[in-house]
file coords.tsv (TSV, N, CA and C atoms and all ligand atoms)
chain	number	residue	atom	x	y	z
O	236	MET	N	0.85	-1.20	0.00
O	236	MET	CA	0.00	0.00	0.00
O	236	MET	C	0.89	1.25	0.00
O	237	ASP	N	0.58	2.20	-0.87
O	237	ASP	CA	1.44	3.38	-0.90
O	237	ASP	C	1.02	4.42	0.15
O	238	GLU	N	1.86	5.42	0.30
O	238	GLU	CA	1.70	6.41	1.36
O	238	GLU	C	0.36	7.15	1.27
O	239	LYS	N	-0.05	7.41	0.04
O	239	LYS	CA	-1.29	8.14	-0.18
O	239	LYS	C	-2.50	7.34	0.33
O	240	GLN	N	-2.47	6.05	0.06
O	240	GLN	CA	-3.54	5.17	0.53
O	240	GLN	C	-3.56	5.10	2.05
O	241	LEU	N	-2.37	4.98	2.64
O	241	LEU	CA	-2.26	4.91	4.09
O	241	LEU	C	-2.82	6.18	4.73
O	242	GLU	N	-2.48	7.32	4.15
O	242	GLU	CA	-2.99	8.60	4.66
O	242	GLU	C	-4.52	8.63	4.60
O	243	HIS	N	-5.03	8.12	3.50
O	243	HIS	CA	-6.47	8.09	3.28
O	243	HIS	C	-7.14	7.26	4.37
O	244	PHE	N	-6.59	6.08	4.65
O	244	PHE	CA	-7.19	5.21	5.66
O	244	PHE	C	-6.99	5.78	7.07
O	245	GLU	N	-5.86	6.42	7.27
O	245	GLU	CA	-5.62	7.02	8.59
O	245	GLU	C	-6.68	8.08	8.88
O	246	GLU	N	-6.92	8.94	7.89
O	246	GLU	CA	-7.95	9.98	8.04
O	246	GLU	C	-9.31	9.36	8.32
O	247	LYS	N	-9.62	8.33	7.54
O	247	LYS	CA	-10.89	7.64	7.67
O	247	LYS	C	-11.08	7.06	9.07
O	248	LEU	N	-10.03	6.42	9.56
O	248	LEU	CA	-10.09	5.79	10.88
O	248	LEU	C	-10.23	6.82	11.99
O	249	ILE	N	-9.47	7.91	11.89
O	249	ILE	CA	-9.54	8.96	12.91
O	249	ILE	C	-10.93	9.59	12.93
O	250	GLU	N	-11.47	9.83	11.75
O	250	GLU	CA	-12.79	10.42	11.64
O	250	GLU	C	-13.85	9.51	12.26
O	251	TRP	N	-13.72	8.22	11.97
O	251	TRP	CA	-14.65	7.21	12.50
O	251	TRP	C	-14.58	7.18	14.02
O	252	LYS	N	-13.36	7.19	14.52
O	252	LYS	CA	-13.15	7.15	15.97
O	252	LYS	C	-13.80	8.37	16.64
O	253	ASN	N	-13.57	9.54	16.04
O	253	ASN	CA	-14.16	10.76	16.60
O	253	ASN	C	-15.68	10.69	16.63
O	254	THR	N	-16.26	10.15	15.56
O	254	THR	CA	-17.71	10.00	15.50
O	254	THR	C	-18.20	9.09	16.63
O	255	LEU	N	-17.50	7.96	16.80
O	255	LEU	CA	-17.87	7.00	17.85
O	255	LEU	C	-17.77	7.63	19.23
O	256	LEU	N	-16.70	8.37	19.45
O	256	LEU	CA	-16.50	9.00	20.75
O	256	LEU	C	-17.60	10.02	21.03
O	257	ARG	N	-17.97	10.76	19.98
O	257	ARG	CA	-19.04	11.75	20.13
O	257	ARG	C	-20.35	11.04	20.47
O	258	GLU	N	-20.61	9.97	19.73
O	258	GLU	CA	-21.85	9.22	19.97
O	258	GLU	C	-21.85	8.58	21.35
O	259	ALA	N	-20.70	8.07	21.76
O	259	ALA	CA	-20.60	7.45	23.08
O	259	ALA	C	-20.88	8.50	24.16
O	260	GLY	N	-20.39	9.70	23.93
O	260	GLY	CA	-20.63	10.79	24.87
O	260	GLY	C	-22.11	11.06	25.02
O	261	VAL	N	-22.81	11.04	23.90
O	261	VAL	CA	-24.25	11.26	23.91
O	261	VAL	C	-24.94	10.15	24.69
O	262	THR	N	-24.49	8.91	24.43
O	262	THR	CA	-25.09	7.75	25.09
O	262	THR	C	-24.95	7.85	26.61
O	263	ILE	N	-23.80	8.33	27.04
O	263	ILE	CA	-23.52	8.37	28.46
O	263	ILE	C	-24.27	9.53	29.14
O	264	THR	N	-24.29	10.67	28.50
O	264	THR	CA	-24.83	11.85	29.18
O	264	THR	C	-26.35	11.96	29.05
O	265	GLU	N	-26.91	11.56	27.93
O	265	GLU	CA	-28.35	11.69	27.77
O	265	GLU	C	-29.06	10.51	28.40
O	266	ASN	N	-30.28	10.75	28.80
O	266	ASN	CA	-31.06	9.66	29.38
O	266	ASN	C	-31.57	8.75	28.27
O	267	LEU	N	-30.91	7.63	28.12
O	267	LEU	CA	-31.20	6.74	27.00
O	267	LEU	C	-32.57	6.08	27.11
O	268	SER	N	-32.96	5.75	28.31
O	268	SER	CA	-34.26	5.09	28.47
O	268	SER	C	-35.39	5.99	27.98
O	269	GLU	N	-35.25	7.29	28.20
O	269	GLU	CA	-36.24	8.25	27.70
O	269	GLU	C	-36.23	8.25	26.18
O	270	GLU	N	-35.02	8.22	25.65
O	270	GLU	CA	-34.82	8.22	24.21
O	270	GLU	C	-35.49	7.00	23.58
O	271	ILE	N	-35.32	5.87	24.22
O	271	ILE	CA	-35.87	4.62	23.71
O	271	ILE	C	-37.40	4.67	23.69
O	272	SER	N	-37.98	5.17	24.76
O	272	SER	CA	-39.44	5.19	24.82
O	272	SER	C	-40.02	6.20	23.83
O	273	ARG	N	-39.25	7.23	23.51
O	273	ARG	CA	-39.73	8.22	22.55
O	273	ARG	C	-39.66	7.69	21.12
O	274	GLN	N	-38.59	6.94	20.81
O	274	GLN	CA	-38.42	6.40	19.47
O	274	GLN	C	-38.96	4.98	19.42
O	275	GLY	N	-40.03	4.80	18.72
O	275	GLY	CA	-40.71	3.51	18.67
O	275	GLY	C	-39.83	2.36	18.23
O	276	ASP	N	-38.85	2.64	17.36
O	276	ASP	CA	-38.00	1.60	16.79
O	276	ASP	C	-37.27	0.78	17.85
O	277	PHE	N	-36.94	1.43	18.95
O	277	PHE	CA	-36.18	0.74	19.98
O	277	PHE	C	-37.09	0.05	20.99
O	278	GLY	N	-38.38	0.19	20.78
O	278	GLY	CA	-39.34	-0.37	21.73
O	278	GLY	C	-39.11	-1.84	22.04
O	279	ASP	N	-38.91	-2.62	21.01
O	279	ASP	CA	-38.71	-4.06	21.21
O	279	ASP	C	-37.49	-4.36	22.06
O	280	LEU	N	-36.42	-3.68	21.75
O	280	LEU	CA	-35.18	-3.89	22.49
O	280	LEU	C	-35.36	-3.53	23.96
O	281	ALA	N	-36.05	-2.44	24.20
O	281	ALA	CA	-36.24	-1.97	25.57
O	281	ALA	C	-37.08	-2.98	26.35
O	282	ASN	N	-37.99	-3.64	25.67
O	282	ASN	CA	-38.82	-4.64	26.35
O	282	ASN	C	-38.03	-5.90	26.68
O	283	LYS	N	-37.11	-6.25	25.79
O	283	LYS	CA	-36.37	-7.50	25.97
O	283	LYS	C	-35.31	-7.39	27.06
O	284	GLU	N	-34.75	-6.21	27.19
O	284	GLU	CA	-33.67	-6.07	28.14
O	284	GLU	C	-33.95	-4.90	29.07
O	285	THR	N	-33.30	-4.89	30.18
O	285	THR	CA	-33.41	-3.70	31.02
O	285	THR	C	-32.65	-2.57	30.35
O	286	ASP	N	-33.05	-1.36	30.64
O	286	ASP	CA	-32.40	-0.19	30.03
O	286	ASP	C	-30.91	-0.19	30.31
O	287	GLN	N	-30.57	-0.60	31.51
O	287	GLN	CA	-29.17	-0.58	31.93
O	287	GLN	C	-28.33	-1.49	31.04
O	288	ASN	N	-28.83	-2.71	30.81
O	288	ASN	CA	-28.12	-3.66	29.96
O	288	ASN	C	-27.94	-3.12	28.54
O	289	PHE	N	-28.99	-2.53	28.06
O	289	PHE	CA	-28.98	-1.97	26.72
O	289	PHE	C	-27.88	-0.92	26.59
O	290	LEU	N	-27.81	-0.06	27.58
O	290	LEU	CA	-26.81	1.00	27.58
O	290	LEU	C	-25.40	0.44	27.65
O	291	LEU	N	-25.22	-0.54	28.52
O	291	LEU	CA	-23.89	-1.13	28.68
O	291	LEU	C	-23.43	-1.82	27.40
O	292	ARG	N	-24.38	-2.48	26.75
O	292	ARG	CA	-24.03	-3.22	25.53
O	292	ARG	C	-23.57	-2.27	24.43
O	293	ILE	N	-24.27	-1.17	24.29
O	293	ILE	CA	-23.88	-0.18	23.29
O	293	ILE	C	-22.48	0.33	23.58
O	294	ARG	N	-22.26	0.64	24.83
O	294	ARG	CA	-20.96	1.21	25.17
O	294	ARG	C	-19.85	0.18	24.97
O	295	ASP	N	-20.14	-1.07	25.29
O	295	ASP	CA	-19.15	-2.13	25.14
O	295	ASP	C	-18.79	-2.32	23.67
O	296	ARG	N	-19.82	-2.32	22.82
O	296	ARG	CA	-19.60	-2.51	21.39
O	296	ARG	C	-18.77	-1.36	20.81
O	297	GLU	N	-19.12	-0.15	21.25
O	297	GLU	CA	-18.38	1.02	20.76
O	297	GLU	C	-16.94	0.99	21.25
O	298	ARG	N	-16.79	0.58	22.50
O	298	ARG	CA	-15.44	0.55	23.08
O	298	ARG	C	-14.56	-0.44	22.31
O	299	LYS	N	-15.13	-1.58	21.98
O	299	LYS	CA	-14.36	-2.60	21.24
O	299	LYS	C	-13.96	-2.09	19.86
O	300	LEU	N	-14.89	-1.37	19.23
O	300	LEU	CA	-14.63	-0.83	17.91
O	300	LEU	C	-13.52	0.23	17.98
O	301	ILE	N	-13.59	1.06	19.01
O	301	ILE	CA	-12.58	2.11	19.18
O	301	ILE	C	-11.20	1.47	19.40
O	302	GLN	N	-11.19	0.37	20.16
O	302	GLN	CA	-9.92	-0.35	20.37
O	302	GLN	C	-9.36	-0.87	19.05
O	303	LYS	N	-10.24	-1.42	18.22
O	303	LYS	CA	-9.82	-1.93	16.91
O	303	LYS	C	-9.24	-0.80	16.06
O	304	ILE	N	-9.92	0.35	16.11
O	304	ILE	CA	-9.45	1.50	15.32
O	304	ILE	C	-8.06	1.91	15.80
O	305	ASP	N	-7.87	1.92	17.13
O	305	ASP	CA	-6.56	2.28	17.68
O	305	ASP	C	-5.46	1.32	17.22
O	306	ILE	N	-5.80	0.04	17.19
O	306	ILE	CA	-4.84	-0.97	16.72
O	306	ILE	C	-4.46	-0.69	15.27
O	307	CYS	N	-5.46	-0.36	14.44
O	307	CYS	CA	-5.20	-0.05	13.03
O	307	CYS	C	-4.34	1.19	12.87
O	308	LEU	N	-4.59	2.20	13.70
O	308	LEU	CA	-3.80	3.42	13.63
O	308	LEU	C	-2.34	3.12	14.00
O	309	GLN	N	-2.16	2.23	14.96
O	309	GLN	CA	-0.81	1.81	15.35
O	309	GLN	C	-0.15	1.06	14.19
O	310	LYS	N	-0.94	0.21	13.53
O	310	LYS	CA	-0.42	-0.55	12.38
O	310	LYS	C	0.03	0.38	11.27
O	311	ILE	N	-0.71	1.46	11.07
O	311	ILE	CA	-0.33	2.42	10.03
O	311	ILE	C	1.06	2.98	10.35
O	312	LYS	N	1.26	3.28	11.65
O	312	LYS	CA	2.57	3.81	12.08
O	312	LYS	C	3.67	2.76	11.90
O	313	ASP	N	3.31	1.51	12.19
O	313	ASP	CA	4.30	0.42	12.10
O	313	ASP	C	4.53	-0.05	10.67
O	314	GLY	N	3.64	0.37	9.77
O	314	GLY	CA	3.77	-0.05	8.37
O	314	GLY	C	3.21	-1.43	8.10
O	315	THR	N	2.35	-1.94	9.01
O	315	THR	CA	1.78	-3.27	8.79
O	315	THR	C	0.28	-3.19	8.49
O	316	TYR	N	-0.24	-1.98	8.35
O	316	TYR	CA	-1.67	-1.85	8.07
O	316	TYR	C	-1.99	-2.40	6.68
O	317	GLY	N	-3.11	-3.11	6.61
O	317	GLY	CA	-3.54	-3.64	5.31
O	317	GLY	C	-2.98	-5.01	5.03
O	318	LEU	N	-2.17	-5.54	5.97
O	318	LEU	CA	-1.65	-6.90	5.80
O	318	LEU	C	-2.51	-7.86	6.61
O	319	CYS	N	-2.82	-8.99	6.02
O	319	CYS	CA	-3.68	-9.98	6.66
O	319	CYS	C	-2.99	-10.59	7.88
O	320	GLU	N	-3.74	-10.67	9.00
O	320	GLU	CA	-3.19	-11.26	10.23
O	320	GLU	C	-3.07	-12.77	10.12
O	321	GLY	N	-3.76	-13.33	9.13
O	321	GLY	CA	-3.73	-14.78	8.95
O	321	GLY	C	-2.59	-15.23	8.07
O	322	CYS	N	-2.52	-14.69	6.85
O	322	CYS	CA	-1.56	-15.19	5.87
O	322	CYS	C	-0.47	-14.17	5.51
O	323	GLY	N	-0.63	-12.93	5.99
O	323	GLY	CA	0.39	-11.93	5.74
O	323	GLY	C	0.32	-11.27	4.37
O	324	GLU	N	-0.66	-11.69	3.56
O	324	GLU	CA	-0.84	-11.08	2.24
O	324	GLU	C	-1.54	-9.73	2.39
O	325	GLU	N	-1.45	-8.90	1.37
O	325	GLU	CA	-2.16	-7.62	1.40
O	325	GLU	C	-3.66	-7.84	1.28
O	326	ILE	N	-4.40	-7.13	2.11
O	326	ILE	CA	-5.86	-7.20	2.04
O	326	ILE	C	-6.32	-6.28	0.91
O	327	ASN	N	-7.28	-6.75	0.14
O	327	ASN	CA	-7.83	-5.95	-0.97
O	327	ASN	C	-8.28	-4.58	-0.46
O	328	PRO	N	-7.74	-3.48	-1.06
O	328	PRO	CA	-8.12	-2.13	-0.60
O	328	PRO	C	-9.62	-1.87	-0.64
O	329	LYS	N	-10.31	-2.54	-1.55
O	329	LYS	CA	-11.76	-2.38	-1.62
O	329	LYS	C	-12.42	-2.90	-0.36
O	330	ARG	N	-11.86	-3.99	0.16
O	330	ARG	CA	-12.37	-4.57	1.41
O	330	ARG	C	-12.11	-3.60	2.56
O	331	LEU	N	-10.93	-3.00	2.56
O	331	LEU	CA	-10.58	-2.05	3.62
O	331	LEU	C	-11.43	-0.79	3.53
O	332	GLU	N	-11.76	-0.43	2.32
O	332	GLU	CA	-12.61	0.74	2.10
O	332	GLU	C	-13.97	0.51	2.76
O	333	ALA	N	-14.48	-0.71	2.61
O	333	ALA	CA	-15.78	-1.04	3.19
O	333	ALA	C	-15.68	-1.28	4.69
O	334	ARG	N	-14.56	-1.83	5.12
O	334	ARG	CA	-14.36	-2.13	6.54
O	334	ARG	C	-12.91	-1.85	6.92
O	335	PRO	N	-12.61	-0.60	7.27
O	335	PRO	CA	-11.20	-0.21	7.50
O	335	PRO	C	-10.52	-0.96	8.65
O	336	VAL	N	-11.31	-1.58	9.53
O	336	VAL	CA	-10.68	-2.29	10.66
O	336	VAL	C	-10.49	-3.79	10.39
O	337	ALA	N	-10.74	-4.20	9.14
O	337	ALA	CA	-10.59	-5.62	8.80
O	337	ALA	C	-9.16	-6.08	9.04
O	338	GLY	N	-9.01	-7.19	9.75
O	338	GLY	CA	-7.68	-7.71	10.05
O	338	GLY	C	-7.30	-8.92	9.21
O	339	LEU	N	-8.31	-9.44	8.51
O	339	LEU	CA	-8.08	-10.64	7.70
O	339	LEU	C	-8.50	-10.40	6.25
O	340	CYS	N	-7.82	-11.06	5.32
O	340	CYS	CA	-8.24	-10.99	3.93
O	340	CYS	C	-9.50	-11.84	3.75
O	341	ILE	N	-10.13	-11.72	2.62
O	341	ILE	CA	-11.40	-12.42	2.42
O	341	ILE	C	-11.24	-13.94	2.55
O	342	ALA	N	-10.16	-14.48	2.00
O	342	ALA	CA	-9.92	-15.93	2.06
O	342	ALA	C	-9.81	-16.40	3.51
O	343	CYS	N	-9.03	-15.68	4.33
O	343	CYS	CA	-8.84	-16.06	5.73
O	343	CYS	C	-10.12	-15.86	6.53
O	344	LYS	N	-10.84	-14.79	6.21
O	344	LYS	CA	-12.09	-14.51	6.90
O	344	LYS	C	-13.11	-15.63	6.62
O	345	THR	N	-13.19	-16.04	5.38
O	345	THR	CA	-14.10	-17.11	4.99
O	345	THR	C	-13.74	-18.40	5.72
O	346	GLU	N	-12.45	-18.65	5.79
O	346	GLU	CA	-11.94	-19.85	6.47
O	346	GLU	C	-12.31	-19.81	7.96
O	347	GLN	N	-12.13	-18.65	8.57
O	347	GLN	CA	-12.43	-18.46	9.99
O	347	GLN	C	-13.92	-18.69	10.26
O	348	GLU	N	-14.76	-18.14	9.39
O	348	GLU	CA	-16.20	-18.28	9.56
O	348	GLU	C	-16.63	-19.73	9.43
O	349	LYS	N	-15.94	-20.48	8.58
O	349	LYS	CA	-16.23	-21.90	8.43
O	349	LYS	C	-16.03	-22.62	9.76
O	350	HIS	N	-14.94	-22.26	10.45
O	350	HIS	CA	-14.62	-22.91	11.72
O	350	HIS	C	-15.58	-22.49	12.82
O	351	GLU	N	-16.07	-21.27	12.73
O	351	GLU	CA	-16.98	-20.77	13.76
O	351	GLU	C	-18.34	-21.45	13.69
O	352	ARG	N	-18.70	-21.89	12.50
O	352	ARG	CA	-20.03	-22.48	12.33
O	352	ARG	C	-20.17	-23.88	12.93
E	1	ZN	ZN	-5.23	-13.93	4.70
call {"tool": "encode", "arguments": {"input": "coords.tsv", "output": "structure tokens"}}
result
Amino acid sequence: MDEKQLEHFEEKLIEWKNTLLREAGVTITENLSEEISRQGDFGDLANKETDQNFLLRIRDRERKLIQKIDICLQKIKDGTYGLCEGCGEEINPKRLEARPVAGLCIACKTEQEKHER
């Protein structure tokens, strides 16, 4: 991957992280249970789980994603970004465009999913 591409992905990752942090801030400071009852779409979820669990799950998911983004940003610095963690081959840039935190190439990902099933 050339420097221009790396810069592009770095910007993308930083922007994504900032968005997540902003959204996480909203989740923490605003009363989410009120938000859920106002927006009908979340009604089902609110019924299935306690509000507290719902809130924790969102924050956990965001936190994990932010961690992944940080790892990718470190990889960009180390010069290993875009390399598959499974086989060491370059991951298709189109795949990274769709999912910048992808750690595996499509072949390795498919293989992994086979084992998970
Ligand atoms: Zn691979």
call {"tool": "residues_near_ligand", "arguments": {"input": "coords.tsv", "ligand": "ligand ZN 1 (chain E)", "cutoff": "8 Å", "atoms": "only N, CA and C atoms and all ligand atoms", "output": "PyMOL selection string"}}
result
chain O and resi 318-326+338-344
call {"tool": "write_last_selection", "arguments": {"input": "coords.tsv", "atoms": "N, CA and C atoms", "output": "PDB file, keeping the file's coordinate frame"}}
result
ATOM      1  N   LEU O 318      -2.170  -5.540   5.970  1.00  0.00           N
ATOM      2  CA  LEU O 318      -1.650  -6.900   5.800  1.00  0.00           C
ATOM      3  C   LEU O 318      -2.510  -7.860   6.610  1.00  0.00           C
ATOM      4  N   CYS O 319      -2.820  -8.990   6.020  1.00  0.00           N
ATOM      5  CA  CYS O 319      -3.680  -9.980   6.660  1.00  0.00           C
ATOM      6  C   CYS O 319      -2.990 -10.590   7.880  1.00  0.00           C
ATOM      7  N   GLU O 320      -3.740 -10.670   9.000  1.00  0.00           N
ATOM      8  CA  GLU O 320      -3.190 -11.260  10.230  1.00  0.00           C
ATOM      9  C   GLU O 320      -3.070 -12.770  10.120  1.00  0.00           C
ATOM     10  N   GLY O 321      -3.760 -13.330   9.130  1.00  0.00           N
ATOM     11  CA  GLY O 321      -3.730 -14.780   8.950  1.00  0.00           C
ATOM     12  C   GLY O 321      -2.590 -15.230   8.070  1.00  0.00           C
ATOM     13  N   CYS O 322      -2.520 -14.690   6.850  1.00  0.00           N
ATOM     14  CA  CYS O 322      -1.560 -15.190   5.870  1.00  0.00           C
ATOM     15  C   CYS O 322      -0.470 -14.170   5.510  1.00  0.00           C
ATOM     16  N   GLY O 323      -0.630 -12.930   5.990  1.00  0.00           N
ATOM     17  CA  GLY O 323       0.390 -11.930   5.740  1.00  0.00           C
ATOM     18  C   GLY O 323       0.320 -11.270   4.370  1.00  0.00           C
ATOM     19  N   GLU O 324      -0.660 -11.690   3.560  1.00  0.00           N
ATOM     20  CA  GLU O 324      -0.840 -11.080   2.240  1.00  0.00           C
ATOM     21  C   GLU O 324      -1.540  -9.730   2.390  1.00  0.00           C
ATOM     22  N   GLU O 325      -1.450  -8.900   1.370  1.00  0.00           N
ATOM     23  CA  GLU O 325      -2.160  -7.620   1.400  1.00  0.00           C
ATOM     24  C   GLU O 325      -3.660  -7.840   1.280  1.00  0.00           C
ATOM     25  N   ILE O 326      -4.400  -7.130   2.110  1.00  0.00           N
ATOM     26  CA  ILE O 326      -5.860  -7.200   2.040  1.00  0.00           C
ATOM     27  C   ILE O 326      -6.320  -6.280   0.910  1.00  0.00           C
ATOM     28  N   GLY O 338      -9.010  -7.190   9.750  1.00  0.00           N
ATOM     29  CA  GLY O 338      -7.680  -7.710  10.050  1.00  0.00           C
ATOM     30  C   GLY O 338      -7.300  -8.920   9.210  1.00  0.00           C
ATOM     31  N   LEU O 339      -8.310  -9.440   8.510  1.00  0.00           N
ATOM     32  CA  LEU O 339      -8.080 -10.640   7.700  1.00  0.00           C
ATOM     33  C   LEU O 339      -8.500 -10.400   6.250  1.00  0.00           C
ATOM     34  N   CYS O 340      -7.820 -11.060   5.320  1.00  0.00           N
ATOM     35  CA  CYS O 340      -8.240 -10.990   3.930  1.00  0.00           C
ATOM     36  C   CYS O 340      -9.500 -11.840   3.750  1.00  0.00           C
ATOM     37  N   ILE O 341     -10.130 -11.720   2.620  1.00  0.00           N
ATOM     38  CA  ILE O 341     -11.400 -12.420   2.420  1.00  0.00           C
ATOM     39  C   ILE O 341     -11.240 -13.940   2.550  1.00  0.00           C
ATOM     40  N   ALA O 342     -10.160 -14.480   2.000  1.00  0.00           N
ATOM     41  CA  ALA O 342      -9.920 -15.930   2.060  1.00  0.00           C
ATOM     42  C   ALA O 342      -9.810 -16.400   3.510  1.00  0.00           C
ATOM     43  N   CYS O 343      -9.030 -15.680   4.330  1.00  0.00           N
ATOM     44  CA  CYS O 343      -8.840 -16.060   5.730  1.00  0.00           C
ATOM     45  C   CYS O 343     -10.120 -15.860   6.530  1.00  0.00           C
ATOM     46  N   LYS O 344     -10.840 -14.790   6.210  1.00  0.00           N
ATOM     47  CA  LYS O 344     -12.090 -14.510   6.900  1.00  0.00           C
ATOM     48  C   LYS O 344     -13.110 -15.630   6.620  1.00  0.00           C
TER      49      LYS O 344
END
call {"tool": "atom_distance", "arguments": {"input": "coords.tsv", "atom1": "CA of Glu297 in chain O", "atom2": "CA of Ala333 in chain O"}}
result
17.9 Å
call {"tool": "closest_residue", "arguments": {"input": "coords.tsv", "among": "O:Met236, O:His243, O:Glu351, O:Leu255", "to": "Ile301 in chain O", "atoms": "only N, CA and C atoms"}}
result
O:Leu255
call {"tool": "atom_distance", "arguments": {"input": "coords.tsv", "atom1": "atom C of Arg352 in chain O", "atom2": "atom C of Ala337 in chain O"}}
result
21.3 Å
call {"tool": "atom_distance", "arguments": {"input": "coords.tsv", "atom1": "CA of Arg330 in chain O", "atom2": "CA of Ala259 in chain O"}}
result
26.1 Å
call {"tool": "closest_residue", "arguments": {"input": "coords.tsv", "among": "O:Lys310, O:Lys329, O:Arg334, O:Lys349", "to": "Leu241 in chain O", "atoms": "only C-alpha atoms"}}
result
O:Lys310
call {"tool": "decode", "arguments": {"input": "coords.tsv", "residues": "range 283-350 of chain O", "atoms": "C-alpha atoms", "output": "PDB file, in the first residue's frame"}}
result
ATOM      1  CA  LYS O 283     -36.374  -7.495  25.971  1.00  0.00           C
ATOM      2  CA  GLU O 284     -33.666  -6.067  28.142  1.00  0.00           C
ATOM      3  CA  THR O 285     -33.412  -3.704  31.024  1.00  0.00           C
ATOM      4  CA  ASP O 286     -32.399  -0.195  30.028  1.00  0.00           C
ATOM      5  CA  GLN O 287     -29.173  -0.577  31.931  1.00  0.00           C
ATOM      6  CA  ASN O 288     -28.117  -3.655  29.956  1.00  0.00           C
ATOM      7  CA  PHE O 289     -28.981  -1.967  26.716  1.00  0.00           C
ATOM      8  CA  LEU O 290     -26.814   1.004  27.576  1.00  0.00           C
ATOM      9  CA  LEU O 291     -23.891  -1.133  28.682  1.00  0.00           C
ATOM     10  CA  ARG O 292     -24.034  -3.219  25.534  1.00  0.00           C
ATOM     11  CA  ILE O 293     -23.881  -0.181  23.288  1.00  0.00           C
ATOM     12  CA  ARG O 294     -20.957   1.208  25.172  1.00  0.00           C
ATOM     13  CA  ASP O 295     -19.155  -2.130  25.137  1.00  0.00           C
ATOM     14  CA  ARG O 296     -19.596  -2.507  21.388  1.00  0.00           C
ATOM     15  CA  GLU O 297     -18.377   1.021  20.757  1.00  0.00           C
ATOM     16  CA  ARG O 298     -15.444   0.550  23.076  1.00  0.00           C
ATOM     17  CA  LYS O 299     -14.363  -2.596  21.240  1.00  0.00           C
ATOM     18  CA  LEU O 300     -14.627  -0.828  17.907  1.00  0.00           C
ATOM     19  CA  ILE O 301     -12.579   2.106  19.184  1.00  0.00           C
ATOM     20  CA  GLN O 302      -9.922  -0.352  20.370  1.00  0.00           C
ATOM     21  CA  LYS O 303      -9.822  -1.926  16.914  1.00  0.00           C
ATOM     22  CA  ILE O 304      -9.446   1.496  15.324  1.00  0.00           C
ATOM     23  CA  ASP O 305      -6.562   2.279  17.683  1.00  0.00           C
ATOM     24  CA  ILE O 306      -4.839  -0.969  16.722  1.00  0.00           C
ATOM     25  CA  CYS O 307      -5.202  -0.054  13.031  1.00  0.00           C
ATOM     26  CA  LEU O 308      -3.799   3.422  13.630  1.00  0.00           C
ATOM     27  CA  GLN O 309      -0.808   1.810  15.350  1.00  0.00           C
ATOM     28  CA  LYS O 310      -0.422  -0.552  12.385  1.00  0.00           C
ATOM     29  CA  ILE O 311      -0.326   2.418  10.033  1.00  0.00           C
ATOM     30  CA  LYS O 312       2.568   3.806  12.084  1.00  0.00           C
ATOM     31  CA  ASP O 313       4.298   0.419  12.099  1.00  0.00           C
ATOM     32  CA  GLY O 314       3.773  -0.049   8.372  1.00  0.00           C
ATOM     33  CA  THR O 315       1.775  -3.269   8.793  1.00  0.00           C
ATOM     34  CA  TYR O 316      -1.670  -1.850   8.070  1.00  0.00           C
ATOM     35  CA  GLY O 317      -3.540  -3.636   5.309  1.00  0.00           C
ATOM     36  CA  LEU O 318      -1.655  -6.897   5.800  1.00  0.00           C
ATOM     37  CA  CYS O 319      -3.684  -9.975   6.661  1.00  0.00           C
ATOM     38  CA  GLU O 320      -3.190 -11.256  10.226  1.00  0.00           C
ATOM     39  CA  GLY O 321      -3.733 -14.776   8.955  1.00  0.00           C
ATOM     40  CA  CYS O 322      -1.557 -15.191   5.871  1.00  0.00           C
ATOM     41  CA  GLY O 323       0.394 -11.930   5.739  1.00  0.00           C
ATOM     42  CA  GLU O 324      -0.839 -11.080   2.242  1.00  0.00           C
ATOM     43  CA  GLU O 325      -2.160  -7.623   1.398  1.00  0.00           C
ATOM     44  CA  ILE O 326      -5.857  -7.199   2.041  1.00  0.00           C
ATOM     45  CA  ASN O 327      -7.830  -5.954  -0.966  1.00  0.00           C
ATOM     46  CA  PRO O 328      -8.119  -2.126  -0.603  1.00  0.00           C
ATOM     47  CA  LYS O 329     -11.763  -2.375  -1.624  1.00  0.00           C
ATOM     48  CA  ARG O 330     -12.371  -4.567   1.406  1.00  0.00           C
ATOM     49  CA  LEU O 331     -10.580  -2.054   3.621  1.00  0.00           C
ATOM     50  CA  GLU O 332     -12.612   0.739   2.099  1.00  0.00           C
ATOM     51  CA  ALA O 333     -15.781  -1.041   3.185  1.00  0.00           C
ATOM     52  CA  ARG O 334     -14.365  -2.127   6.538  1.00  0.00           C
ATOM     53  CA  PRO O 335     -11.205  -0.211   7.497  1.00  0.00           C
ATOM     54  CA  VAL O 336     -10.681  -2.289  10.660  1.00  0.00           C
ATOM     55  CA  ALA O 337     -10.590  -5.619   8.797  1.00  0.00           C
ATOM     56  CA  GLY O 338      -7.677  -7.708  10.046  1.00  0.00           C
ATOM     57  CA  LEU O 339      -8.083 -10.642   7.700  1.00  0.00           C
ATOM     58  CA  CYS O 340      -8.238 -10.989   3.927  1.00  0.00           C
ATOM     59  CA  ILE O 341     -11.403 -12.418   2.423  1.00  0.00           C
ATOM     60  CA  ALA O 342      -9.924 -15.928   2.064  1.00  0.00           C
ATOM     61  CA  CYS O 343      -8.839 -16.065   5.734  1.00  0.00           C
ATOM     62  CA  LYS O 344     -12.093 -14.514   6.904  1.00  0.00           C
ATOM     63  CA  THR O 345     -14.100 -17.112   4.990  1.00  0.00           C
ATOM     64  CA  GLU O 346     -11.940 -19.848   6.475  1.00  0.00           C
ATOM     65  CA  GLN O 347     -12.429 -18.464   9.988  1.00  0.00           C
ATOM     66  CA  GLU O 348     -16.198 -18.278   9.559  1.00  0.00           C
ATOM     67  CA  LYS O 349     -16.233 -21.901   8.431  1.00  0.00           C
ATOM     68  CA  HIS O 350     -14.616 -22.905  11.723  1.00  0.00           C
TER      69      HIS O 350
END
